[in-house]
Structures are given as structure tokens and as C-alpha cells.
$ cat data30.cif   # mmCIF, C-alpha atoms
data_input
loop_
_atom_site.group_PDB
_atom_site.id
_atom_site.type_symbol
_atom_site.label_atom_id
_atom_site.label_comp_id
_atom_site.auth_asym_id
_atom_site.auth_seq_id
_atom_site.Cartn_x
_atom_site.Cartn_y
_atom_site.Cartn_z
ATOM 1 C CA MET A 1 -18.644 25.771 20.061
ATOM 2 C CA LYS A 2 -15.600 25.171 17.924
ATOM 3 C CA THR A 3 -16.401 24.495 14.276
ATOM 4 C CA LYS A 4 -12.842 24.122 13.017
ATOM 5 C CA LYS A 5 -9.882 22.128 14.203
ATOM 6 C CA ILE A 6 -6.392 22.666 12.830
ATOM 7 C CA VAL A 7 -3.857 19.871 13.192
ATOM 8 C CA PHE A 8 -0.201 20.467 12.351
ATOM 9 C CA PHE A 9 2.064 17.732 10.970
ATOM 10 C CA PRO A 10 -0.611 15.006 11.190
ATOM 11 C CA ALA A 11 1.234 12.577 8.902
ATOM 12 C CA PHE A 12 4.541 13.136 10.698
ATOM 13 C CA LYS A 13 2.980 12.353 14.072
ATOM 14 C CA ARG A 14 1.443 9.116 12.733
ATOM 15 C CA VAL A 15 4.019 7.569 10.426
ATOM 16 C CA VAL A 16 2.504 4.082 10.301
ATOM 17 C CA PRO A 17 -0.239 4.054 7.624
ATOM 18 C CA ALA A 18 -2.690 2.092 9.825
ATOM 19 C CA ASP A 19 -2.232 4.632 12.673
ATOM 20 C CA PHE A 20 -2.984 7.528 10.332
ATOM 21 C CA GLU A 21 -6.115 5.756 9.044
ATOM 22 C CA ASN A 22 -7.341 5.000 12.582
ATOM 23 C CA TRP A 23 -6.754 8.591 13.657
ATOM 24 C CA LEU A 24 -8.845 9.939 10.737
ATOM 25 C CA GLU A 25 -11.548 7.380 11.574
ATOM 26 C CA ASN A 26 -11.625 8.465 15.224
ATOM 27 C CA MET A 27 -11.776 12.123 14.187
ATOM 28 C CA ALA A 28 -14.775 11.365 11.921
ATOM 29 C CA ALA A 29 -16.458 9.456 14.754
ATOM 30 C CA GLU A 30 -16.093 12.603 16.890
ATOM 31 C CA GLY A 31 -17.614 14.642 14.059
ATOM 32 C CA TRP A 32 -14.374 16.171 12.711
ATOM 33 C CA HIS A 33 -14.286 15.874 8.938
ATOM 34 C CA ILE A 34 -11.839 16.639 6.177
ATOM 35 C CA GLU A 35 -13.364 16.924 2.723
ATOM 36 C CA ARG A 36 -10.216 17.278 0.613
ATOM 37 C CA VAL A 37 -6.628 16.129 1.007
ATOM 38 C CA ARG A 38 -4.025 18.272 -0.719
ATOM 39 C CA GLN A 39 -0.267 18.317 -1.197
ATOM 40 C CA TRP A 40 0.319 20.205 2.067
ATOM 41 C CA SER A 41 -2.110 18.097 4.137
ATOM 42 C CA SER A 42 0.799 16.181 5.680
ATOM 43 C CA ILE A 43 1.840 19.522 7.235
ATOM 44 C CA ILE A 44 -1.553 20.999 8.068
ATOM 45 C CA MET A 45 -5.067 19.571 8.095
ATOM 46 C CA ILE A 46 -8.186 21.600 8.727
ATOM 47 C CA PHE A 47 -11.194 19.662 10.027
ATOM 48 C CA LYS A 48 -14.754 20.963 10.063
ATOM 49 C CA LYS A 49 -17.274 20.000 12.733
ATOM 50 C CA GLY A 50 -20.239 17.976 11.555
ATOM 51 C CA LYS A 51 -22.212 14.893 12.461
ATOM 52 C CA SER A 52 -20.456 11.839 13.787
ATOM 53 C CA LYS A 53 -19.800 9.428 10.906
ATOM 54 C CA LYS A 54 -18.461 5.928 10.662
ATOM 55 C CA TYR A 55 -15.848 6.122 7.942
ATOM 56 C CA ARG A 56 -13.080 3.729 6.977
ATOM 57 C CA PHE A 57 -10.015 5.572 5.648
ATOM 58 C CA VAL A 58 -7.245 4.090 3.531
ATOM 59 C CA TYR A 59 -3.707 5.464 3.224
ATOM 60 C CA ASP A 60 -2.147 4.218 -0.008
ATOM 61 C CA LEU A 61 1.260 5.463 -1.111
ATOM 62 C CA ARG A 62 1.727 5.247 -4.875
ATOM 63 C CA ALA A 63 4.674 6.988 -6.492
ATOM 64 C CA ILE A 64 3.287 5.916 -9.862
ATOM 65 C CA ALA A 65 -0.364 4.949 -10.134
ATOM 66 C CA GLY A 66 -1.650 3.280 -13.290
ATOM 67 C CA LYS A 67 -4.532 4.926 -15.119
ATOM 68 C CA ASP A 68 -6.994 2.348 -13.772
ATOM 69 C CA TYR A 69 -5.900 2.856 -10.149
ATOM 70 C CA ILE A 70 -8.561 5.443 -9.305
ATOM 71 C CA SER A 71 -11.307 3.619 -11.214
ATOM 72 C CA THR A 72 -10.530 0.300 -9.462
ATOM 73 C CA TYR A 73 -11.001 1.885 -6.024
ATOM 74 C CA ARG A 74 -14.139 3.722 -7.158
ATOM 75 C CA GLN A 75 -15.704 0.503 -8.452
ATOM 76 C CA PHE A 76 -15.434 -0.804 -4.894
ATOM 77 C CA GLY A 77 -17.210 2.265 -3.516
ATOM 78 C CA TRP A 78 -14.209 4.183 -2.200
ATOM 79 C CA GLU A 79 -14.263 7.984 -2.315
ATOM 80 C CA ASN A 80 -11.009 9.653 -3.280
ATOM 81 C CA LEU A 81 -10.251 12.558 -0.924
ATOM 82 C CA GLY A 82 -7.100 13.515 -2.815
ATOM 83 C CA ARG A 83 -3.350 13.160 -2.583
ATOM 84 C CA MET A 84 -0.729 14.434 -0.165
ATOM 85 C CA ALA A 85 2.682 14.003 -1.791
ATOM 86 C CA SER A 86 2.368 10.475 -3.241
ATOM 87 C CA VAL A 87 -0.204 9.276 -0.720
ATOM 88 C CA TYR A 88 -3.781 8.735 -1.871
ATOM 89 C CA ILE A 89 -6.391 9.005 0.878
ATOM 90 C CA TRP A 90 -9.602 7.026 0.393
ATOM 91 C CA ARG A 91 -12.768 7.006 2.449
ATOM 92 C CA MET A 92 -15.861 4.801 2.697
ATOM 93 C CA GLU A 93 -18.833 5.157 5.013
ATOM 94 C CA TYR A 94 -19.790 1.865 6.579
ATOM 95 C CA ASP A 95 -22.159 0.187 8.929
ATOM 96 C CA GLY A 96 -21.342 -3.249 10.245
ATOM 97 C CA LYS A 97 -18.198 -4.917 8.970
ATOM 98 C CA ARG A 98 -15.284 -2.513 8.494
ATOM 99 C CA PRO A 99 -14.298 -2.445 4.806
ATOM 100 C CA GLU A 100 -10.692 -3.179 3.866
ATOM 101 C CA ALA A 101 -8.725 -2.216 0.752
ATOM 102 C CA PHE A 102 -5.835 -4.543 1.550
ATOM 103 C CA THR A 103 -7.068 -8.019 2.312
ATOM 104 C CA ASP A 104 -4.016 -10.252 2.316
ATOM 105 C CA ASN A 105 -0.681 -10.225 4.111
ATOM 106 C CA ASP A 106 1.290 -9.587 0.902
ATOM 107 C CA SER A 107 -0.551 -6.413 0.010
ATOM 108 C CA ILE A 108 -0.552 -5.111 3.605
ATOM 109 C CA ALA A 109 3.228 -5.676 3.772
ATOM 110 C CA GLY A 110 3.593 -4.165 0.291
ATOM 111 C CA ARG A 111 1.855 -0.977 1.415
ATOM 112 C CA ASP A 112 4.268 -0.629 4.370
ATOM 113 C CA LYS A 113 7.246 -1.395 2.108
ATOM 114 C CA ARG A 114 6.241 1.374 -0.304
ATOM 115 C CA THR A 115 6.014 3.800 2.631
ATOM 116 C CA ILE A 116 9.463 2.736 3.908
ATOM 117 C CA ALA A 117 10.925 3.111 0.389
ATOM 118 C CA ALA A 118 9.552 6.662 0.145
ATOM 119 C CA VAL A 119 11.040 7.612 3.544
ATOM 120 C CA SER A 120 14.346 6.015 2.532
ATOM 121 C CA VAL A 121 14.754 8.529 -0.331
ATOM 122 C CA SER A 122 14.805 11.482 2.123
ATOM 123 C CA PHE A 123 16.888 9.418 4.561
ATOM 124 C CA SER A 124 19.573 8.827 1.878
ATOM 125 C CA LEU A 125 19.637 12.509 0.883
ATOM 126 C CA PHE A 126 20.012 13.677 4.506
ATOM 127 C CA LEU A 127 22.690 11.068 5.151
ATOM 128 C CA LEU A 128 24.580 12.130 2.030
ATOM 129 C CA ALA A 129 24.379 15.804 3.064
ATOM 130 C CA ALA A 130 25.604 14.930 6.591
ATOM 131 C CA LEU A 131 28.522 12.879 5.221
ATOM 132 C CA THR A 132 29.526 15.559 2.693
ATOM 133 C CA MET A 133 29.530 18.265 5.371
ATOM 134 C CA SER A 134 31.408 16.076 7.854
ATOM 135 C CA ILE A 135 34.077 15.195 5.255
ATOM 136 C CA ALA A 136 34.438 18.863 4.286
ATOM 137 C CA ALA A 137 34.736 19.911 7.960
ATOM 138 C CA ILE A 138 37.387 17.236 8.669
ATOM 139 C CA PHE A 139 39.547 17.254 5.539
ATOM 140 C CA PHE A 140 39.395 20.933 4.639
ATOM 141 C CA SER A 141 39.473 22.325 8.163
ATOM 142 C CA GLY A 142 42.870 23.931 7.479
ATOM 143 C CA THR A 143 41.560 25.969 4.585
ATOM 144 C CA LEU A 144 38.297 27.018 6.280
ATOM 145 C CA SER A 145 37.730 29.959 8.573
ATOM 146 C CA ALA A 146 36.499 29.175 12.110
ATOM 147 C CA ASN A 147 33.079 30.578 11.174
ATOM 148 C CA ASP A 148 32.763 28.363 8.055
ATOM 149 C CA ARG A 149 33.882 25.302 10.020
ATOM 150 C CA THR A 150 31.267 25.973 12.721
ATOM 151 C CA GLN A 151 28.544 26.341 10.073
ATOM 152 C CA LEU A 152 29.569 23.055 8.446
ATOM 153 C CA ILE A 153 29.525 21.228 11.784
ATOM 154 C CA ILE A 154 26.088 22.652 12.668
ATOM 155 C CA GLY A 155 24.806 21.617 9.211
ATOM 156 C CA ALA A 156 26.266 18.109 9.551
ATOM 157 C CA VAL A 157 24.734 17.655 13.015
ATOM 158 C CA PHE A 158 21.360 18.917 11.728
ATOM 159 C CA PHE A 159 21.318 16.422 8.840
ATOM 160 C CA ILE A 160 22.565 13.576 11.067
ATOM 161 C CA VAL A 161 19.659 14.239 13.451
ATOM 162 C CA LEU A 162 17.186 14.184 10.522
ATOM 163 C CA ALA A 163 18.735 11.003 9.101
ATOM 164 C CA VAL A 164 18.574 9.275 12.513
ATOM 165 C CA LEU A 165 14.956 10.413 12.894
ATOM 166 C CA LEU A 166 13.974 9.006 9.488
ATOM 167 C CA GLY A 167 15.962 5.824 10.141
ATOM 168 C CA THR A 168 13.972 5.372 13.346
ATOM 169 C CA VAL A 169 10.727 5.984 11.444
ATOM 170 C CA MET A 170 11.648 3.299 8.871
ATOM 171 C CA LEU A 171 12.509 0.798 11.613
ATOM 172 C CA TYR A 172 9.300 1.607 13.473
ATOM 173 C CA ILE A 173 7.099 1.063 10.382
ATOM 174 C CA HIS A 174 8.983 -2.177 9.655
ATOM 175 C CA LYS A 175 8.585 -3.389 13.252
ATOM 176 C CA ARG A 176 4.866 -2.530 13.365
ATOM 177 C CA GLY A 177 4.358 -4.261 10.029
ATOM 178 C CA ARG A 178 5.908 -7.459 11.378
ATOM 179 C CA GLN A 179 3.599 -7.314 14.402
ATOM 180 C CA MET B 1 8.967 -13.548 -17.905
ATOM 181 C CA ASN B 2 9.699 -17.168 -18.899
ATOM 182 C CA GLU B 3 7.937 -20.177 -17.400
ATOM 183 C CA GLU B 4 10.827 -21.207 -15.167
ATOM 184 C CA LYS B 5 11.083 -17.763 -13.572
ATOM 185 C CA ALA B 6 7.306 -17.541 -13.203
ATOM 186 C CA VAL B 7 7.164 -20.941 -11.451
ATOM 187 C CA LYS B 8 9.916 -19.824 -9.079
ATOM 188 C CA LYS B 9 8.147 -16.558 -8.334
ATOM 189 C CA TYR B 10 4.521 -17.712 -8.065
ATOM 190 C CA ILE B 11 4.612 -21.322 -6.812
ATOM 191 C CA PRO B 12 3.421 -21.983 -4.134
ATOM 192 C CA MET B 13 0.749 -19.420 -4.897
ATOM 193 C CA THR B 14 -1.088 -17.242 -2.404
ATOM 194 C CA GLU B 15 -4.848 -17.704 -2.240
ATOM 195 C CA THR B 16 -5.287 -14.193 -3.629
ATOM 196 C CA MET B 17 -3.163 -14.859 -6.715
ATOM 197 C CA PHE B 18 -4.747 -18.279 -7.220
ATOM 198 C CA PHE B 19 -8.308 -16.993 -7.193
ATOM 199 C CA ILE B 20 -7.487 -13.954 -9.328
ATOM 200 C CA LEU B 21 -5.819 -16.130 -11.971
ATOM 201 C CA LEU B 22 -8.647 -18.647 -11.763
ATOM 202 C CA SER B 23 -11.293 -15.951 -12.205
ATOM 203 C CA LEU B 24 -9.417 -14.561 -15.212
ATOM 204 C CA GLN B 25 -10.076 -17.704 -17.226
ATOM 205 C CA GLN B 26 -12.912 -15.428 -18.295
ATOM 206 C CA GLU B 27 -12.676 -11.701 -18.961
ATOM 207 C CA HIS B 28 -13.208 -9.617 -15.810
ATOM 208 C CA HIS B 29 -12.497 -6.156 -14.426
ATOM 209 C CA GLY B 30 -11.306 -5.580 -10.852
ATOM 210 C CA TYR B 31 -14.728 -5.411 -9.210
ATOM 211 C CA GLY B 32 -15.944 -8.382 -11.241
ATOM 212 C CA ILE B 33 -13.024 -10.451 -9.901
ATOM 213 C CA MET B 34 -14.001 -9.596 -6.326
ATOM 214 C CA GLN B 35 -17.631 -10.659 -6.935
ATOM 215 C CA TYR B 36 -16.584 -13.872 -8.687
ATOM 216 C CA VAL B 37 -14.165 -14.880 -5.903
ATOM 217 C CA LYS B 38 -16.687 -13.973 -3.207
ATOM 218 C CA GLN B 39 -19.272 -16.258 -4.826
ATOM 219 C CA LEU B 40 -16.771 -19.039 -5.470
ATOM 220 C CA THR B 41 -15.642 -19.101 -1.828
ATOM 221 C CA ASN B 42 -19.099 -18.615 -0.263
ATOM 222 C CA ASN B 43 -18.161 -15.141 1.073
ATOM 223 C CA ARG B 44 -14.970 -16.454 2.726
ATOM 224 C CA ILE B 45 -12.650 -14.317 0.582
ATOM 225 C CA ILE B 46 -13.651 -10.749 -0.181
ATOM 226 C CA LEU B 47 -10.747 -9.134 -2.017
ATOM 227 C CA GLY B 48 -10.113 -5.421 -1.438
ATOM 228 C CA ALA B 49 -9.491 -2.795 -4.107
ATOM 229 C CA GLY B 50 -5.841 -2.244 -3.136
ATOM 230 C CA THR B 51 -5.087 -5.953 -3.084
ATOM 231 C CA ILE B 52 -6.704 -6.513 -6.480
ATOM 232 C CA TYR B 53 -4.970 -3.490 -8.047
ATOM 233 C CA ASN B 54 -1.555 -4.650 -6.732
ATOM 234 C CA SER B 55 -2.085 -8.225 -7.879
ATOM 235 C CA LEU B 56 -3.336 -7.285 -11.346
ATOM 236 C CA SER B 57 -0.420 -4.875 -11.867
ATOM 237 C CA ARG B 58 2.077 -7.567 -10.875
ATOM 238 C CA LEU B 59 0.446 -10.314 -12.954
ATOM 239 C CA GLU B 60 0.227 -8.054 -16.017
ATOM 240 C CA LYS B 61 3.852 -6.936 -15.643
ATOM 241 C CA ASP B 62 4.985 -10.572 -15.454
ATOM 242 C CA GLY B 63 2.894 -11.573 -18.471
ATOM 243 C CA LEU B 64 0.477 -13.917 -16.661
ATOM 244 C CA ILE B 65 -2.525 -11.822 -17.639
ATOM 245 C CA ARG B 66 -3.184 -9.202 -20.298
ATOM 246 C CA ALA B 67 -5.566 -6.281 -20.618
ATOM 247 C CA LEU B 68 -8.374 -6.827 -23.106
ATOM 248 C CA SER B 69 -10.207 -3.528 -23.063
ATOM 249 C CA ASP B 70 -9.621 -0.170 -21.524
ATOM 250 C CA ASP B 71 -13.159 1.094 -21.742
ATOM 251 C CA ASP B 72 -13.634 4.358 -19.842
ATOM 252 C CA ARG B 73 -10.592 3.510 -17.719
ATOM 253 C CA ARG B 74 -12.265 0.286 -16.606
ATOM 254 C CA LYS B 75 -9.666 -2.219 -17.689
ATOM 255 C CA THR B 76 -10.647 -5.834 -18.204
ATOM 256 C CA TYR B 77 -8.170 -8.697 -18.099
ATOM 257 C CA ILE B 78 -7.779 -12.327 -19.124
ATOM 258 C CA THR B 79 -5.052 -14.918 -18.460
ATOM 259 C CA THR B 80 -2.313 -15.452 -21.050
ATOM 260 C CA GLY B 81 -0.856 -18.808 -22.079
ATOM 261 C CA LEU B 82 1.820 -18.374 -19.421
ATOM 262 C CA GLY B 83 -0.824 -17.554 -16.794
ATOM 263 C CA LYS B 84 -2.736 -20.756 -17.633
ATOM 264 C CA LYS B 85 0.451 -22.850 -17.417
ATOM 265 C CA ILE B 86 1.304 -21.414 -13.988
ATOM 266 C CA LEU B 87 -2.258 -21.950 -12.780
ATOM 267 C CA LYS B 88 -2.045 -25.607 -13.871
ATOM 268 C CA VAL B 89 1.272 -26.064 -12.039
ATOM 269 C CA GLU B 90 -0.393 -24.729 -8.888
ATOM 270 C CA ALA B 91 -3.512 -26.855 -9.462
ATOM 271 C CA LYS B 92 -1.312 -29.975 -9.691
ATOM 272 C CA ARG B 93 0.425 -28.997 -6.461
ATOM 273 C CA LEU B 94 -2.932 -28.528 -4.733
ATOM 274 C CA ALA B 95 -4.174 -31.868 -6.092
ATOM 275 C CA GLU B 96 -1.099 -33.567 -4.648
ATOM 276 C CA LEU B 97 -1.713 -31.890 -1.297
ATOM 277 C CA TYR B 98 -5.352 -32.979 -1.390
ATOM 278 C CA LYS B 99 -4.360 -36.560 -2.267
ATOM 279 C CA ASN B 100 -2.101 -36.638 0.768
ATOM 280 C CA VAL B 101 -4.663 -35.301 3.225
ATOM 281 C CA LYS B 102 -7.717 -37.041 1.762
ATOM 282 C CA SER B 103 -7.538 -39.991 4.175
ATOM 283 C CA LEU B 104 -7.273 -37.554 7.087
ATOM 284 C CA LEU B 105 -10.461 -35.837 5.986
ATOM 285 C CA GLU B 106 -12.268 -39.176 5.735
ATOM 286 C CA GLU B 107 -11.419 -40.141 9.328
ATOM 287 C CA PRO B 108 -14.247 -39.633 11.806
ATOM 288 C CA LEU B 109 -13.600 -36.808 14.285
#
$ encode --input "data30.cif" --output "C-alpha cells"
Amino acid sequence: MKTKKIVFFPAFKRVVPADFENWLENMAAEGWHIERVRQWSSIIMIFKKGKSKKYRFVYDLRAIAGKDYISTYRQFGWENLGRMASVYIWRMEYDGKRPEAFTDNDSIAGRDKRTIAAVSVSFSLFLLAALTMSIAAIFFSGTLSANDRTQLIIGAVFFIVLAVLLGTVMLYIHKRGRQ
Amino acid sequence: MNEEKAVKKYIPMTETMFFILLSLQQEHHGYGIMQYVKQLTNNRIILGAGTIYNSLSRLEKDGLIRALSDDDRRKTYITTGLGKKILKVEAKRLAELYKNVKSLLEEPL
């Protein structure tokens, strides 16, 4: 029987915070548990097999968390599993009513907005890189060798694809949030 | 933040903000606010940790509440003069709403 399960790019496959939380909850219900979340957990997560548990997970992106952030969650009984990039992952075992960390529309929308803002930073950088490379390939084509021009075009296309991908992710989170 | 800006930003107030400000007429920490609001609303509103943390951060930043103690990272808060003024503006608005629907509530179903 398998005792370990490795999942690659879990946070990239589930970009909407609520989807990521539900996925972790379903994994725990099937007996797959993660005890710590680390910086690279968005790229790779290793689950260990154990008993089926009913856990509520919370995905909370905080670029800057105040010093009472952790203590506020702990007072409410949440267990901090750690951080991946700026995302804090919280867990609480429950029986009966599913606990919630965000209990009004403003704070639910705020959580999605913070996630979109974080994605928009990478989106802007990729877009800037794509534009810079495209401008260089167009306006300096006369001074560039064929090889350099090809490399610039490949680079521009690569960054355009990434920017479009992140743009789609932002729109998707926004759309799901409105639903 | 001055009163005019605060009125523009917070009125009409969400239930969450209203009950948090109301509970902070007395000193409370985050979990204490949740318990107070839960009792006040007969279990109808149970505020979550994320919602309370967001609201307290925003209210403190805008000067409607202030931190009193920071004991063992368990911050307690209380409303400021500005917070009380804004709460009264909202209370007046709610009273006006109630006055206008009172007759409706008195009608037999």
C-alpha cells in the first residue's frame, strides 16, 4: 500500500483559494495528510497516508502580516501549517458545522483581491519582458544577427504566453469570486 | 482619517464593522469580539479569524479604534473618539430605517 503521495504544482493547478482549500480537505478525508507547508510547497507537496480526518483548510495570502496575525488565528483554534511564498495555510479539525475564517462578503472578496494582486506582479513583469524583447526585435533588427533576432523572438513569445496565462488566471479568480 | 472621509468610507456600515465597533466600546481582543458578537446576536453572527483580523487592521489604520495592550502578542482594542462618532452616525441611520419600517413590523401577517 502506498504511504506517500507526491503532487507537483498543486497551487498552480488550483489557482482559486477556495479550490485549493477544498482539494486539501478532500485529500485529508481520503487519509492523505501534509504536516508542514514550506516555501516550495506550491511546486511540490508530499502527503503521508494516515487516518481519514475532517479538516477545514484556509488559504490566506498576506504579503505583510501584522504581529498579531498568527495569534488571532490561533485564538480561534486554527493550526498554522506554514507559509508557501506569501500564503499562510491554516487547518482546523471539525465535526458538524464547517468552520470559516472569512465570514462576510467583504473579507471573502478581499482574500481573492489579494491573490489577484500577487499574480498581477508576475503578470506585469512578464508583460514588461515581452514588450522589451518585442521592441528590441523590431527596432534593432538591422543591427542584430539572425541568431540574436531569433532568440529575442522566442523570448518574447515565451513571456507573452506566460503573461496571457497569468492574465487568464487573474480573470478566472475574479470571475469565480463574483459567482 | 477625518470624520468626513470616515463617514464616506464606512456609512452605510456592514454588519461586521458595526458589531466590531459596537463591541469595542469595551476593551476586547479578537476572540473576545467574536464571543461578544455571537452572544449579542444569539449565535446568528459568528465572525471568523480572517474577517476579524482584516476588519481590526482596517479600523486601526483609519483611526476608528486603537490598540490598548500588546500582551504576549494578544492585542486588545478599544474605539477612539472618531470610532464612536462614526458608530453614532450609523446608529442614527439604523434608527431612521427602523422608524420607517416599524409600522410594517406591527402589521399582522
$ residues_around --input "data30.cif" --residues "region 10-25 of chain A" --least-positions-apart "6" --cutoff "7 Å" --atoms "all atoms listed in the file" --output "JSON, numbers by chain"
{"A": [42, 43, 44, 55, 56, 57, 58, 59, 169, 173]}
$ write_last_selection --input "data30.cif" --atoms "C-alpha atoms" --output "PDB file, in the coordinates of the input"
ATOM      1  CA  SER A  42       0.799  16.181   5.680  1.00  0.00           C
ATOM      2  CA  ILE A  43       1.840  19.522   7.235  1.00  0.00           C
ATOM      3  CA  ILE A  44      -1.553  20.999   8.068  1.00  0.00           C
ATOM      4  CA  TYR A  55     -15.848   6.122   7.942  1.00  0.00           C
ATOM      5  CA  ARG A  56     -13.080   3.729   6.977  1.00  0.00           C
ATOM      6  CA  PHE A  57     -10.015   5.572   5.648  1.00  0.00           C
ATOM      7  CA  VAL A  58      -7.245   4.090   3.531  1.00  0.00           C
ATOM      8  CA  TYR A  59      -3.707   5.464   3.224  1.00  0.00           C
ATOM      9  CA  VAL A 169      10.727   5.984  11.444  1.00  0.00           C
ATOM     10  CA  ILE A 173       7.099   1.063  10.382  1.00  0.00           C
TER      11      ILE A 173
END
$ atom_distance --input "data30.cif" --atom1 "CA of Tyr69 (chain A)" --atom2 "CA of Ile65 (chain B)"
16.8 Å
$ closest_atom_pairs --input "data30.cif" --of "chain A" --to "chain B" --cutoff "6 Å" --atoms "all atoms listed in the file" --output "Markdown table"
| residue | atom | partner | partner_atom | distance |
| --- | --- | --- | --- | --- |
| A:Asp68 | CA | B:Arg73 | CA | 5.5 |
| A:Tyr73 | CA | B:Ala49 | CA | 5.3 |
| A:Glu100 | CA | B:Gly48 | CA | 5.8 |
| A:Ala101 | CA | B:Gly48 | CA | 4.1 |
| A:Phe102 | CA | B:Thr51 | CA | 4.9 |
| A:Thr103 | CA | B:Gly48 | CA | 5.5 |
| A:Ser107 | CA | B:Thr51 | CA | 5.5 |
$ resolve_selection --input "data30.cif" --expression "the PyMOL selection byres ((chain A and resi 155-168) around 7)" --output "list in words"
Val119, Phe123, Phe126, Leu127, Ala129, Ala130, Met133, Ser134, Gln151, Leu152, Ile153, Ile154, Val169, Met170, Leu171 and Tyr172 of chain A
$ closest_residue --input "data30.cif" --among "A:Tyr94, A:Lys54, A:Asn105, A:Phe47" --to "Gly177 (chain A)" --atoms "all atoms listed in the file"
A:Asn105
$ atom_distance --input "data30.cif" --atom1 "CA of Lys113 (chain A)" --atom2 "CA of Asn26 (chain A)"
25.0 Å
$ resolve_selection --input "data30.cif" --expression "the PyMOL selection byres ((chain A and resi 88) around 8)" --output "compact mmCIF listing (two decimals) with C-alpha atoms, in the coordinates of the input"
# COMPACT_ATOMS: atom_id res chain seq x y z
CA VAL A 58 -7.24 4.09 3.53
CA TYR A 59 -3.71 5.46 3.22
CA ASP A 60 -2.15 4.22 -0.01
CA LEU A 61 1.26 5.46 -1.11
CA ARG A 62 1.73 5.25 -4.88
CA ASN A 80 -11.01 9.65 -3.28
CA LEU A 81 -10.25 12.56 -0.92
CA GLY A 82 -7.10 13.52 -2.82
CA ARG A 83 -3.35 13.16 -2.58
CA MET A 84 -0.73 14.43 -0.16
CA SER A 86 2.37 10.48 -3.24
CA VAL A 87 -0.20 9.28 -0.72
CA ILE A 89 -6.39 9.01 0.88
CA TRP A 90 -9.60 7.03 0.39
$ residues_around --input "data30.cif" --residues "region 82-99 of chain B" --least-positions-apart "3" --cutoff "6 Å" --atoms "all atoms listed in the file" --output "PyMOL selection string"
chain B and resi 64+79+102
$ resolve_selection --input "data30.cif" --expression "the PyMOL selection byres ((chain A and resi 7) around 7)" --output "PDB file with C-alpha atoms, in the frame of the given file"
ATOM      1  CA  LYS A   5      -9.882  22.128  14.203  1.00  0.00           C
ATOM      2  CA  ILE A   6      -6.392  22.666  12.830  1.00  0.00           C
ATOM      3  CA  PHE A   8      -0.201  20.467  12.351  1.00  0.00           C
ATOM      4  CA  PHE A   9       2.064  17.732  10.970  1.00  0.00           C
ATOM      5  CA  PRO A  10      -0.611  15.006  11.190  1.00  0.00           C
ATOM      6  CA  ILE A  44      -1.553  20.999   8.068  1.00  0.00           C
ATOM      7  CA  MET A  45      -5.067  19.571   8.095  1.00  0.00           C
ATOM      8  CA  ILE A  46      -8.186  21.600   8.727  1.00  0.00           C
TER       9      ILE A  46
END
$ residues_near_point --input "data30.cif" --point "(7.0, -15.6, -18.0)" --cutoff "9 Å" --atoms "all atoms listed in the file" --output "compact mmCIF listing (two decimals) with C-alpha atoms, in the coordinates of the input"
# COMPACT_ATOMS: atom_id res chain seq x y z
CA MET B 1 8.97 -13.55 -17.90
CA ASN B 2 9.70 -17.17 -18.90
CA GLU B 3 7.94 -20.18 -17.40
CA GLU B 4 10.83 -21.21 -15.17
CA LYS B 5 11.08 -17.76 -13.57
CA ALA B 6 7.31 -17.54 -13.20
CA VAL B 7 7.16 -20.94 -11.45
CA ASP B 62 4.99 -10.57 -15.45
CA GLY B 63 2.89 -11.57 -18.47
CA LEU B 64 0.48 -13.92 -16.66
CA LEU B 82 1.82 -18.37 -19.42
CA GLY B 83 -0.82 -17.55 -16.79
$ atom_distance --input "data30.cif" --atom1 "CA of Trp78 (chain A)" --atom2 "CA of Glu93 (chain A)"
8.6 Å
$ residues_around --input "data30.cif" --residues "Phe19 (chain B)" --least-positions-apart "4" --cutoff "9 Å" --atoms "all atoms listed in the file" --output "ChimeraX atom specification"
/B:14-15,23-24,33,36-37,40
$ closest_residue --input "data30.cif" --among "A:Ser71, A:Lys175, A:Leu128, A:Gly50" --to "Trp32 (chain A)" --atoms "only C-alpha atoms"
A:Gly50
$ axis_aligned_box --input "data30.cif" --around "region 105-124 of chain A" --padding-each-side "4 Å" --output "JSON"
{"center_x": 9.4, "center_y": 0.6, "center_z": 2.1, "size_x": 28.3, "size_y": 29.7, "size_z": 12.9}
$ build_atoms --input "data30.cif" --residues "region 49-60 of chain B" --atoms "N, CA and C atoms" --output "PDB file, in the frame of the given file"
ATOM      1  N   ALA B  49      -9.915  -3.518  -2.894  1.00  0.00           N
ATOM      2  CA  ALA B  49      -9.491  -2.795  -4.107  1.00  0.00           C
ATOM      3  C   ALA B  49      -7.965  -2.701  -4.226  1.00  0.00           C
ATOM      4  N   GLY B  50      -7.303  -2.389  -3.116  1.00  0.00           N
ATOM      5  CA  GLY B  50      -5.841  -2.244  -3.136  1.00  0.00           C
ATOM      6  C   GLY B  50      -5.150  -3.552  -3.451  1.00  0.00           C
ATOM      7  N   THR B  51      -5.661  -4.622  -2.851  1.00  0.00           N
ATOM      8  CA  THR B  51      -5.087  -5.953  -3.084  1.00  0.00           C
ATOM      9  C   THR B  51      -5.267  -6.363  -4.542  1.00  0.00           C
ATOM     10  N   ILE B  52      -6.451  -6.138  -5.084  1.00  0.00           N
ATOM     11  CA  ILE B  52      -6.704  -6.513  -6.480  1.00  0.00           C
ATOM     12  C   ILE B  52      -5.850  -5.669  -7.424  1.00  0.00           C
ATOM     13  N   TYR B  53      -5.767  -4.363  -7.164  1.00  0.00           N
ATOM     14  CA  TYR B  53      -4.970  -3.490  -8.047  1.00  0.00           C
ATOM     15  C   TYR B  53      -3.497  -3.933  -8.042  1.00  0.00           C
ATOM     16  N   ASN B  54      -2.961  -4.201  -6.843  1.00  0.00           N
ATOM     17  CA  ASN B  54      -1.555  -4.650  -6.732  1.00  0.00           C
ATOM     18  C   ASN B  54      -1.334  -5.954  -7.498  1.00  0.00           C
ATOM     19  N   SER B  55      -2.244  -6.902  -7.267  1.00  0.00           N
ATOM     20  CA  SER B  55      -2.085  -8.225  -7.879  1.00  0.00           C
ATOM     21  C   SER B  55      -2.190  -8.142  -9.397  1.00  0.00           C
ATOM     22  N   LEU B  56      -3.175  -7.402  -9.893  1.00  0.00           N
ATOM     23  CA  LEU B  56      -3.336  -7.285 -11.346  1.00  0.00           C
ATOM     24  C   LEU B  56      -2.117  -6.610 -11.983  1.00  0.00           C
ATOM     25  N   SER B  57      -1.598  -5.575 -11.319  1.00  0.00           N
ATOM     26  CA  SER B  57      -0.420  -4.875 -11.867  1.00  0.00           C
ATOM     27  C   SER B  57       0.754  -5.845 -11.972  1.00  0.00           C
ATOM     28  N   ARG B  58       0.951  -6.645 -10.895  1.00  0.00           N
ATOM     29  CA  ARG B  58       2.077  -7.567 -10.875  1.00  0.00           C
ATOM     30  C   ARG B  58       1.904  -8.678 -11.927  1.00  0.00           C
ATOM     31  N   LEU B  59       0.698  -9.229 -11.998  1.00  0.00           N
ATOM     32  CA  LEU B  59       0.446 -10.314 -12.954  1.00  0.00           C
ATOM     33  C   LEU B  59       0.577  -9.830 -14.405  1.00  0.00           C
ATOM     34  N   GLU B  60       0.136  -8.602 -14.653  1.00  0.00           N
ATOM     35  CA  GLU B  60       0.227  -8.054 -16.017  1.00  0.00           C
ATOM     36  C   GLU B  60       1.690  -7.793 -16.384  1.00  0.00           C
TER      37      GLU B  60
END
